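Quick look at start-v7.cif (mmCIF, C-alpha atoms):
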```cif
data_start
#
loop_
_atom_site.label_atom_id
_atom_site.label_comp_id
_atom_site.auth_asym_id
_atom_site.auth_seq_id
_atom_site.Cartn_x
_atom_site.Cartn_y
_atom_site.Cartn_z
CA MET A 1 -8.60 -2.54 -30.06
CA SER A 2 -5.51 -0.46 -29.33
CA VAL A 3 -5.65 2.66 -27.18
CA SER A 4 -3.45 5.63 -28.09
CA THR A 5 -2.89 8.60 -25.80
CA ALA A 6 -0.55 11.57 -26.11
CA TYR A 7 0.78 13.58 -23.16
CA TRP A 8 2.48 16.93 -23.28
CA CYS A 9 4.86 17.50 -20.40
CA GLU A 10 5.78 21.00 -19.26
CA TRP A 11 9.09 19.41 -18.26
CA ALA A 12 10.06 15.75 -18.64
CA TRP A 13 12.99 13.90 -17.09
CA LEU A 14 14.48 12.12 -20.09
CA PRO A 15 17.56 9.85 -19.90
CA GLY A 16 19.80 12.92 -20.22
CA GLY A 17 17.93 15.01 -17.64
CA PRO A 18 15.00 17.47 -17.62
CA VAL A 19 13.81 18.84 -20.96
CA PRO A 20 11.04 21.48 -21.45
CA GLY A 21 8.06 20.93 -23.75
CA VAL A 22 8.04 17.17 -24.37
CA LEU A 23 5.34 15.27 -26.23
CA VAL A 24 5.10 11.60 -25.25
CA GLU A 25 2.91 9.39 -27.40
CA THR A 26 1.70 6.04 -26.09
CA GLU A 27 -0.17 3.02 -27.33
CA ASP A 28 -1.57 0.23 -25.15
CA GLY A 29 0.42 1.37 -22.14
CA ARG A 30 3.76 1.68 -23.97
CA ILE A 31 5.65 4.76 -25.08
CA THR A 32 5.88 4.90 -28.87
CA SER A 33 7.65 8.23 -29.37
CA VAL A 34 9.15 11.17 -27.50
CA SER A 35 9.64 14.59 -29.11
CA GLU A 36 10.09 18.23 -28.18
CA VAL A 37 7.00 20.32 -28.96
CA ASP A 38 6.18 23.92 -28.00
CA GLY A 39 2.60 23.38 -26.85
CA PRO A 40 0.19 20.60 -25.90
CA GLY A 41 -2.13 20.83 -28.89
CA ASP A 42 -4.65 17.99 -28.48
CA ALA A 43 -2.46 16.07 -26.04
CA GLN A 44 -3.26 15.72 -22.34
CA ARG A 45 -1.22 18.26 -20.40
CA LEU A 46 0.97 17.17 -17.48
CA GLY A 47 2.20 20.22 -15.60
CA GLY A 48 5.38 20.62 -13.60
CA LEU A 49 8.19 18.10 -13.94
CA VAL A 50 7.25 14.65 -15.20
CA LEU A 51 9.46 11.88 -13.86
CA PRO A 52 9.42 8.21 -14.83
CA GLY A 53 7.42 6.01 -12.49
CA MET A 54 9.24 5.27 -9.25
CA ALA A 55 9.76 1.78 -7.84
CA ASN A 56 9.60 0.86 -4.17
CA ALA A 57 12.12 -1.99 -4.10
CA HIS A 58 11.46 -3.13 -0.54
CA SER A 59 8.14 -3.19 1.31
CA HIS A 60 6.53 -5.03 4.21
CA ALA A 61 2.96 -3.78 3.80
CA PHE A 62 1.71 -4.76 7.25
CA HIS A 63 4.46 -2.79 9.01
CA ARG A 64 2.53 0.36 8.04
CA ALA A 65 0.24 -0.32 11.01
CA LEU A 66 3.12 0.63 13.34
CA ARG A 67 3.75 4.10 11.94
CA GLY A 68 4.09 6.56 14.82
CA ARG A 69 3.98 3.78 17.41
CA THR A 70 7.71 3.20 17.74
CA SER A 71 8.78 6.66 18.87
CA GLY A 72 7.88 6.49 22.55
CA GLY A 73 10.70 5.40 24.83
CA LYS A 74 14.07 3.87 24.12
CA GLY A 75 14.46 0.75 22.03
CA THR A 76 16.26 -1.09 19.27
CA PHE A 77 15.41 -3.13 16.19
CA TRP A 78 14.76 -6.10 18.46
CA THR A 79 12.22 -4.31 20.69
CA TRP A 80 10.50 -3.03 17.56
CA ARG A 81 10.37 -6.59 16.24
CA ASP A 82 8.29 -7.63 19.25
CA GLN A 83 5.71 -4.99 18.30
CA MET A 84 5.76 -6.11 14.67
CA TYR A 85 5.19 -9.76 15.65
CA LYS A 86 2.01 -8.75 17.50
CA VAL A 87 0.59 -7.22 14.31
CA ALA A 88 1.66 -10.22 12.23
CA ALA A 89 -0.19 -12.52 14.61
CA ARG A 90 -3.53 -10.78 13.95
CA LEU A 91 -3.65 -10.63 10.15
CA ASP A 92 -5.71 -12.89 7.90
CA PRO A 93 -6.22 -12.72 4.12
CA GLU A 94 -9.20 -10.36 4.37
CA SER A 95 -7.61 -7.89 6.78
CA TYR A 96 -4.31 -8.09 4.90
CA HIS A 97 -6.05 -7.20 1.66
CA ARG A 98 -7.75 -4.18 3.24
CA LEU A 99 -4.56 -2.86 4.81
CA ALA A 100 -2.34 -3.55 1.79
CA THR A 101 -4.78 -1.83 -0.58
CA ALA A 102 -4.51 1.32 1.51
CA VAL A 103 -0.73 1.03 1.77
CA PHE A 104 -0.27 0.50 -1.96
CA ALA A 105 -2.64 3.38 -2.70
CA GLU A 106 -0.53 5.62 -0.46
CA MET A 107 2.47 4.53 -2.51
CA ALA A 108 0.68 5.47 -5.73
CA LEU A 109 -0.14 8.91 -4.32
CA SER A 110 3.57 9.44 -3.70
CA GLY A 111 4.57 8.51 -7.27
CA MET A 112 5.38 4.81 -6.90
CA THR A 113 4.18 2.76 -9.85
CA CYS A 114 5.66 -0.58 -8.75
CA VAL A 115 6.43 -2.26 -5.43
CA GLY A 116 8.49 -5.23 -4.33
CA GLU A 117 6.66 -6.88 -1.44
CA PHE A 118 9.04 -8.93 0.71
CA HIS A 119 6.35 -11.42 1.67
CA TYR A 120 6.85 -13.88 4.50
CA LEU A 121 3.48 -13.92 6.29
CA HIS A 122 2.23 -17.06 4.54
CA HIS A 123 0.12 -19.20 6.86
CA ALA A 124 -2.58 -19.13 9.51
CA PRO A 125 -1.70 -18.88 13.21
CA GLY A 126 0.28 -21.90 14.38
CA GLY A 127 1.60 -22.46 10.86
CA GLN A 128 -1.53 -24.20 9.56
CA ARG A 129 -1.92 -23.72 5.81
CA TYR A 130 -4.98 -21.97 4.47
CA SER A 131 -7.13 -23.98 2.05
CA ASP A 132 -5.39 -21.91 -0.59
CA PRO A 133 -1.78 -22.09 0.62
CA ASN A 134 -1.07 -18.78 -1.15
CA ALA A 135 -4.10 -16.93 0.18
CA MET A 136 -1.98 -14.21 1.78
CA GLY A 137 0.02 -13.67 -1.40
CA ALA A 138 -3.19 -13.56 -3.42
CA ALA A 139 -4.49 -10.88 -1.06
CA LEU A 140 -1.42 -8.76 -1.79
CA ALA A 141 -1.77 -9.28 -5.54
CA GLN A 142 -5.41 -8.17 -5.43
CA ALA A 143 -4.48 -5.18 -3.27
CA ALA A 144 -1.94 -4.02 -5.85
CA ALA A 145 -4.54 -4.37 -8.61
CA ASP A 146 -7.08 -2.39 -6.56
CA ALA A 147 -4.50 0.34 -5.89
CA GLY A 148 -3.45 0.47 -9.56
CA ILE A 149 0.26 -0.36 -9.24
CA ARG A 150 2.47 -3.25 -10.32
CA LEU A 151 3.75 -5.80 -7.84
CA THR A 152 6.69 -8.14 -7.63
CA LEU A 153 5.73 -10.61 -4.92
CA LEU A 154 9.05 -11.62 -3.39
CA ASP A 155 7.92 -14.86 -1.80
CA THR A 156 10.20 -15.30 1.17
CA CYS A 157 11.75 -18.49 2.46
CA TYR A 158 11.86 -18.45 6.29
CA LEU A 159 12.82 -21.70 8.00
CA ALA A 160 14.64 -20.93 11.25
CA GLY A 161 14.30 -18.68 14.29
CA GLY A 162 18.03 -17.97 14.27
CA PHE A 163 21.23 -19.91 13.71
CA GLY A 164 20.49 -23.45 14.88
CA LYS A 165 17.10 -22.45 16.33
CA PRO A 166 13.65 -23.65 15.25
CA VAL A 167 10.88 -21.23 14.39
CA ASP A 168 8.64 -20.37 17.33
CA GLY A 169 5.53 -18.35 18.08
CA VAL A 170 4.36 -16.14 15.23
CA GLN A 171 7.35 -17.32 13.15
CA LEU A 172 5.39 -20.53 12.57
CA ARG A 173 3.23 -18.48 10.19
CA TYR A 174 6.30 -17.71 8.12
CA SER A 175 7.72 -21.20 7.66
CA ASP A 176 7.06 -23.92 5.07
CA GLY A 177 9.13 -26.43 7.05
CA ASP A 178 11.90 -26.88 4.52
CA VAL A 179 13.00 -25.46 1.21
CA SER A 180 11.11 -28.06 -0.83
CA GLY A 181 7.91 -27.15 1.00
CA TRP A 182 8.56 -23.48 0.25
CA ALA A 183 9.29 -24.14 -3.44
CA GLY A 184 6.25 -26.38 -3.83
CA ARG A 185 3.94 -23.74 -2.42
CA VAL A 186 5.46 -20.98 -4.55
CA ASP A 187 5.04 -23.14 -7.66
CA GLU A 188 1.31 -23.28 -6.93
CA PHE A 189 0.93 -19.49 -6.95
CA LYS A 190 -0.66 -18.40 -10.22
CA PRO A 191 -1.43 -14.69 -9.93
CA GLY A 192 -4.01 -13.25 -12.24
CA GLY A 193 -3.28 -10.20 -14.35
CA ASP A 194 -0.11 -8.85 -15.91
CA HIS A 195 0.40 -6.37 -13.06
CA VAL A 196 2.09 -8.95 -10.82
CA ARG A 197 5.22 -11.08 -11.11
CA ALA A 198 6.67 -13.67 -8.78
CA GLY A 199 10.11 -13.30 -7.24
CA ALA A 200 11.99 -15.03 -4.45
CA ALA A 201 13.62 -13.98 -1.21
CA LEU A 202 15.85 -15.42 1.45
CA HIS A 203 14.64 -13.73 4.59
CA SER A 204 18.17 -13.59 6.00
CA VAL A 205 21.07 -15.92 6.72
CA ARG A 206 19.76 -16.30 10.26
CA ALA A 207 16.33 -17.46 9.04
CA VAL A 208 17.46 -19.73 6.19
CA PRO A 209 20.00 -22.42 7.09
CA ALA A 210 23.08 -22.43 4.89
CA GLU A 211 22.23 -25.80 3.35
CA ALA A 212 18.85 -24.45 2.20
CA ILE A 213 20.22 -21.37 0.42
CA PRO A 214 21.10 -23.16 -2.87
CA GLY A 215 17.54 -24.47 -3.21
CA VAL A 216 16.10 -20.95 -3.14
CA VAL A 217 18.79 -19.72 -5.53
CA GLU A 218 18.02 -22.60 -7.90
CA TRP A 219 14.30 -21.87 -7.87
CA ALA A 220 14.87 -18.18 -8.64
CA GLY A 221 17.31 -18.96 -11.45
CA GLY A 222 14.99 -21.52 -13.01
CA ALA A 223 12.08 -19.10 -12.90
CA GLY A 224 14.16 -16.17 -14.19
CA ALA A 225 12.99 -14.32 -11.10
CA PRO A 226 14.71 -11.69 -8.97
CA LEU A 227 16.15 -12.83 -5.64
CA HIS A 228 16.23 -10.54 -2.60
CA VAL A 229 17.74 -10.99 0.85
CA HIS A 230 18.00 -8.99 4.07
CA LEU A 231 21.75 -8.58 4.60
CA SER A 232 23.73 -7.36 7.61
CA GLU A 233 20.96 -5.10 8.86
CA GLN A 234 22.11 -5.69 12.44
CA ARG A 235 25.55 -6.12 13.98
CA ALA A 236 24.12 -8.98 16.04
CA GLU A 237 23.39 -10.90 12.83
CA ASN A 238 27.01 -10.52 11.71
CA GLU A 239 28.33 -11.69 15.07
CA ALA A 240 26.02 -14.71 15.14
CA CYS A 241 26.97 -15.66 11.57
CA LEU A 242 30.67 -15.45 12.40
CA ALA A 243 30.11 -17.67 15.41
CA ALA A 244 28.06 -20.22 13.46
CA HIS A 245 29.95 -20.28 10.16
CA GLY A 246 33.23 -18.44 10.63
CA CYS A 247 32.38 -15.89 7.94
CA THR A 248 30.25 -12.81 7.31
CA PRO A 249 26.69 -13.09 5.94
CA THR A 250 27.92 -11.75 2.59
CA GLN A 251 30.65 -14.38 2.44
CA LEU A 252 28.13 -17.09 3.33
CA LEU A 253 25.82 -16.00 0.51
CA ALA A 254 28.72 -15.84 -1.93
CA SER A 255 29.90 -19.35 -1.04
CA HIS A 256 26.40 -20.71 -1.77
CA GLY A 257 25.95 -18.97 -5.13
CA ALA A 258 23.42 -16.41 -3.95
CA LEU A 259 25.13 -13.25 -5.25
CA GLY A 260 24.82 -11.93 -8.80
CA GLU A 261 23.09 -9.46 -11.08
CA SER A 262 19.64 -10.91 -10.33
CA THR A 263 20.14 -10.56 -6.58
CA THR A 264 19.37 -7.52 -4.44
CA ALA A 265 20.75 -7.27 -0.92
CA VAL A 266 18.49 -5.18 1.32
CA HIS A 267 20.08 -2.81 3.86
CA ALA A 268 23.74 -3.99 3.77
CA THR A 269 24.24 -1.58 6.66
CA HIS A 270 27.04 -3.27 8.59
CA LEU A 271 29.40 -4.70 5.99
CA ALA A 272 32.96 -5.83 6.53
CA PRO A 273 35.54 -4.30 4.14
CA GLY A 274 35.85 -7.60 2.28
CA ASP A 275 32.10 -7.71 1.63
CA LEU A 276 32.14 -4.70 -0.70
CA PRO A 277 34.10 -6.33 -3.56
CA LEU A 278 31.99 -9.48 -3.26
CA LEU A 279 28.80 -7.50 -3.74
CA GLY A 280 30.06 -5.00 -6.29
CA GLY A 281 32.18 -7.47 -8.25
CA SER A 282 29.22 -9.81 -8.71
CA GLY A 283 26.90 -6.98 -9.77
CA THR A 284 24.64 -7.63 -6.79
CA GLY A 285 22.28 -4.72 -6.27
CA VAL A 286 21.70 -3.09 -2.89
CA CYS A 287 18.38 -1.65 -1.76
CA LEU A 288 18.80 1.05 0.86
CA CYS A 289 15.91 1.95 3.18
CA PRO A 290 17.30 4.97 5.04
CA THR A 291 14.10 6.28 6.62
CA THR A 292 13.36 2.89 8.18
CA GLU A 293 16.99 2.33 9.09
CA ALA A 294 16.88 5.66 10.93
CA ASP A 295 13.54 4.92 12.56
CA LEU A 296 14.82 1.59 13.92
CA ALA A 297 18.26 2.99 14.87
CA ASP A 298 19.94 0.46 12.56
CA GLY A 299 22.81 2.67 11.43
CA ILE A 300 24.07 4.27 8.21
CA GLY A 301 25.11 2.01 5.35
CA PRO A 302 28.14 2.55 3.06
CA ALA A 303 26.14 3.82 0.08
CA SER A 304 28.95 5.58 -1.79
CA ALA A 305 31.40 2.71 -1.22
CA LEU A 306 28.84 0.25 -2.58
CA ALA A 307 28.28 2.37 -5.68
CA VAL A 308 32.03 2.64 -6.28
CA ALA A 309 32.37 -1.11 -5.84
CA GLY A 310 29.83 -1.68 -8.62
CA SER A 311 26.53 -2.40 -6.85
CA PRO A 312 23.48 -0.72 -8.46
CA LEU A 313 21.57 1.13 -5.73
CA SER A 314 17.81 1.24 -5.31
CA VAL A 315 15.60 2.39 -2.43
CA GLY A 316 12.62 1.09 -0.49
CA SER A 317 10.24 2.27 2.21
CA ASP A 318 10.52 -1.03 4.15
CA GLY A 319 8.62 -0.46 7.42
CA HIS A 320 6.75 2.59 6.05
CA SER A 321 7.59 5.06 8.77
CA VAL A 322 7.55 7.25 5.65
CA ILE A 323 6.23 6.45 2.17
CA ASP A 324 8.12 8.95 0.06
CA GLN A 325 10.82 8.04 -2.45
CA PHE A 326 12.05 11.63 -2.50
CA ALA A 327 12.73 11.33 1.23
CA GLU A 328 14.52 8.02 0.69
CA VAL A 329 16.95 9.23 -1.97
CA GLN A 330 17.51 12.55 -0.20
CA SER A 331 18.38 10.57 2.92
CA VAL A 332 20.85 8.41 1.02
CA GLU A 333 22.77 11.58 0.16
CA SER A 334 22.31 13.39 3.48
CA TYR A 335 23.28 10.40 5.63
CA THR A 336 26.35 9.84 3.47
CA ARG A 337 27.29 13.48 4.03
CA LEU A 338 26.94 13.01 7.78
CA SER A 339 29.02 9.84 7.85
CA GLN A 340 31.73 11.03 5.44
CA GLU A 341 31.61 14.80 6.02
CA THR A 342 31.61 15.30 2.24
CA ARG A 343 28.91 16.85 0.05
CA GLY A 344 27.81 15.80 -3.41
CA ASN A 345 28.26 12.05 -3.12
CA PHE A 346 25.33 11.43 -5.47
CA THR A 347 24.13 13.77 -8.20
CA PRO A 348 20.42 14.48 -8.70
CA ALA A 349 20.59 12.19 -11.75
CA ASP A 350 22.00 9.43 -9.55
CA LEU A 351 19.11 9.89 -7.14
CA VAL A 352 16.52 9.73 -9.93
CA THR A 353 18.13 6.52 -11.19
CA MET A 354 17.92 4.95 -7.71
CA ALA A 355 14.23 5.76 -7.46
CA THR A 356 13.29 4.72 -10.99
CA VAL A 357 15.24 2.50 -13.35
CA SER A 358 17.40 0.72 -10.73
CA GLY A 359 14.40 -0.05 -8.56
CA HIS A 360 12.39 -1.46 -11.46
CA ARG A 361 15.29 -3.60 -12.63
CA ALA A 362 15.77 -4.95 -9.10
CA LEU A 363 12.14 -6.09 -9.25
CA GLY A 364 12.36 -7.67 -12.70
CA TRP A 365 10.72 -4.86 -14.71
CA SER A 366 13.59 -3.80 -16.97
CA ASP A 367 11.15 -2.09 -19.36
CA ALA A 368 10.13 0.54 -16.79
CA GLY A 369 11.66 3.49 -14.98
CA TRP A 370 12.63 5.68 -17.94
CA ILE A 371 10.83 7.83 -20.51
CA GLY A 372 11.64 6.66 -24.02
CA ALA A 373 10.23 4.62 -26.89
CA GLY A 374 9.50 1.05 -25.80
CA ALA A 375 9.23 1.81 -22.09
CA ARG A 376 6.09 1.37 -20.06
CA ALA A 377 3.92 4.47 -19.95
CA ASP A 378 4.55 5.35 -16.30
CA PHE A 379 4.56 9.07 -15.50
CA VAL A 380 4.73 11.02 -12.25
CA ALA A 381 3.91 14.73 -12.53
CA VAL A 382 5.48 16.79 -9.74
CA GLY A 383 3.96 20.23 -9.25
CA LEU A 384 6.45 23.08 -9.21
CA ASP A 385 4.06 25.69 -7.80
CA SER A 386 4.46 25.00 -4.07
CA ALA A 387 6.36 27.25 -1.69
CA ARG A 388 8.71 24.32 -1.11
CA LEU A 389 9.77 24.14 -4.77
CA ALA A 390 9.55 27.83 -5.64
CA GLY A 391 12.77 28.83 -7.35
CA VAL A 392 14.15 25.28 -7.48
CA PRO A 393 15.52 24.44 -10.95
CA PRO A 394 14.01 21.31 -12.55
CA GLU A 395 17.31 19.42 -12.41
CA ALA A 396 17.35 19.81 -8.60
CA VAL A 397 13.71 18.97 -7.87
CA VAL A 398 14.51 15.44 -6.72
CA SER A 399 16.72 16.92 -4.01
CA ALA A 400 13.98 19.21 -2.66
CA ALA A 401 10.56 17.69 -3.40
CA SER A 402 8.39 15.51 -1.21
CA ALA A 403 5.58 13.07 -1.89
CA ASP A 404 3.11 15.90 -1.25
CA ASP A 405 4.26 17.54 -4.49
CA VAL A 406 3.04 14.65 -6.65
CA ARG A 407 -0.03 15.73 -8.60
CA ASP A 408 -0.67 13.07 -11.27
CA VAL A 409 0.39 9.44 -11.64
CA ILE A 410 -0.08 7.27 -14.71
CA VAL A 411 0.73 3.54 -14.58
CA ASP A 412 0.93 1.52 -17.80
CA GLY A 413 -1.07 4.26 -19.49
CA ARG A 414 -3.83 4.30 -16.83
CA ARG A 415 -4.34 7.43 -14.75
CA VAL A 416 -4.24 6.33 -11.12
CA VAL A 417 -3.86 9.74 -9.44
CA ARG A 418 -5.38 12.97 -10.72
CA ASP A 419 -4.74 16.32 -9.05
CA GLY A 420 -3.46 14.57 -5.93
CA ILE A 421 -6.49 12.29 -5.53
CA HIS A 422 -6.35 8.53 -5.95
CA GLN A 423 -8.99 7.68 -8.54
CA SER A 424 -10.05 4.27 -7.17
CA VAL A 425 -9.33 4.85 -3.46
CA PRO A 426 -10.48 8.46 -2.92
CA ASP A 427 -11.25 7.80 0.77
CA LEU A 428 -7.71 6.60 1.47
CA ALA A 429 -7.26 8.25 4.88
CA GLU A 430 -10.41 6.67 6.29
CA ARG A 431 -9.57 3.26 4.82
CA MET A 432 -6.10 3.37 6.32
CA ARG A 433 -7.42 4.50 9.67
CA ALA A 434 -9.98 1.69 9.81
CA SER A 435 -7.51 -0.98 8.64
CA VAL A 436 -4.93 -0.03 11.26
CA ALA A 437 -7.52 0.27 14.05
CA ALA A 438 -8.74 -3.26 13.34
CA LEU A 439 -5.27 -4.65 14.06
CA LEU A 440 -4.27 -2.69 17.15
#
```
Represent the structure of the file as structure tokens.
Amino acid sequence: MSVSTAYWCEWAWLPGGPVPGVLVETEDGRITSVSEVDGPGDAQRLGGLVLPGMANAHSHAFHRALRGRTSGGKGTFWTWRDQMYKVAARLDPESYHRLATAVFAEMALSGMTCVGEFHYLHHAPGGQRYSDPNAMGAALAQAAADAGIRLTLLDTCYLAGGFGKPVDGVQLRYSDGDVSGWAGRVDEFKPGGDHVRAGAALHSVRAVPAEAIPGVVEWAGGAGAPLHVHLSEQRAENEACLAAHGCTPTQLLASHGALGESTTAVHATHLAPGDLPLLGGSGTGVCLCPTTEADLADGIGPASALAVAGSPLSVGSDGHSVIDQFAEVQSVESYTRLSQETRGNFTPADLVTMATVSGHRALGWSDAGWIGAGARADFVAVGLDSARLAGVPPEAVVSAASADDVRDVIVDGRRVVRDGIHQSVPDLAERMRASVAALL
């Protein structure tokens, strides 16, 4: 039996920008028609500005446990990584499910309807496989279902502790031994429900030996799955790659067939000039995570140069120092202003595209991220009645709003957030507090 629902939006962000008085009719979680209508009539009213659902293109759910714990004293990415490894060592499928449910629910509250989980915490301590070798991935899939959002599980190949170095310590939990072991395990993963899709990831060129890269690329291509990779997040990675292979990480990926329209490079912070045409010319997307990159003192990536080169840009909350796609896209523009001393590098429409359609496409959901017939019925209603947004024109809301302005979220036609309250995880703060406390 089909389910039809109509929504009347005070303002709706359509492909051409914000439009007042928009009636959106849906059936079975899909938009069937969009029209301009003066009043709601019998339709459900969505006040404020209704945006398409936003996609979080890069997440490590368990990093959320470290929020606020990296700000005391000096440090770098590498000192932060030591803290992260301690959390990774303590997780099991049950505790991961509890934490990830809270993290994904926080994403839903902020207007994210889909997440790409860059998943490399596969095995039990010491690298021993669970009886279900995909128990940790299954925990993430169930967490997404419980939080009411879609998930692309980017199952990550992680085989080395650095160039020419074996995995050690907690890294043993990440590794399947070789690329055939990784592919065999991923083939066994059969997630239940249409809310989750499988994707692939190369953790980085330092964690996947060059000879193993084509095997991961081949698996992703055969499965028609998106492929993601951490790229040039740290200068040290570039220097080590040059020493080991005589080329940049981007050049190494290109020479092994890993770039292309189905690939998303995450961070791309420290690129060489010759890397830009390789990424842009191949249509490789780039996911920027500016709040995490700032939190870890990684640096500022060449966002505008990547866009000019032809790379579609998306955004992710990565380590979850902040879960707020408005903050991410605003930071893309503001950090570019700081580095280039030029305003207006990205229009508000560009920022909306980063947060919505580009993010969904990077995760393999090309039918989401826009409001129009045939698209998934994902809606994010942003209230315009706060002091923060008073006087802000609808076309500029993305440049001024925060996650706190999100009032209602609908995912595939199901209302997940109503009046700022998550409908299935109403006690989110307490759940998050308890999940983090159990790990630290």
**Contacts of region 88-99 of chain A within 9 Å, only C-alpha atoms, excl. fewer than 5 positions in-chain, as an MDAnalysis selection string** = chainID A and resid 61:65 83 104 121 123:125 135:143 169:170 173 431:432 434:436 438:440
**Request:** Neighbourhood query: residues within 10 Å of (-3.8, 7.6, -15.8), file coordinates, counting only C-alpha atoms; return as a list in words.
**Result:** Gly29, Gly148, Ala377, Asp378, Phe379, Val380, Asp408, Val409, Ile410, Val411, Asp412, Gly413, Arg414, Arg415, Val416, Val417, Arg418 and Gln423 of chain A
**Prompt:** Mind telling me what the PyMOL selection byres ((chain A and resi 360) around 10) catches here, as a ChimeraX atom specification?
**Reply:** /A:53-57,113-116,152,314,353-359,361-370
**Ground truth for the PyMOL selection byres ((chain A and resi 48) around 7), written as a ChimeraX atom specification** = /A:10-11,46-47,49-50,381-384
**Request:** Give the answer as one residue: which of A:Ser321, A:Thr336, A:Thr291, A:Ser399 has the shortest atom-to-atom distance to Ala307 (chain A), using only C-alpha atoms?
**Result:**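 Selected residue with least distance to Ala307 (chain A): A:Thr336.
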**Asked** At a cut-off of 7 Å from (12.2, 8.6, -23.4) in the coordinates of the file, what residues are picked up using all atoms listed in the file, written as number ranges by chain?
**Response** A: 14-15, 34, 370-373
**Request:** Point out the residue among A:Asp155, A:Glu211, A:Glu106, A:Glu430 with the least atom-to-atom distance to Val322 (chain A), counting only C-alpha atoms.
**Result:**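 So, comparing all the options, the nearest one is A:Glu106.
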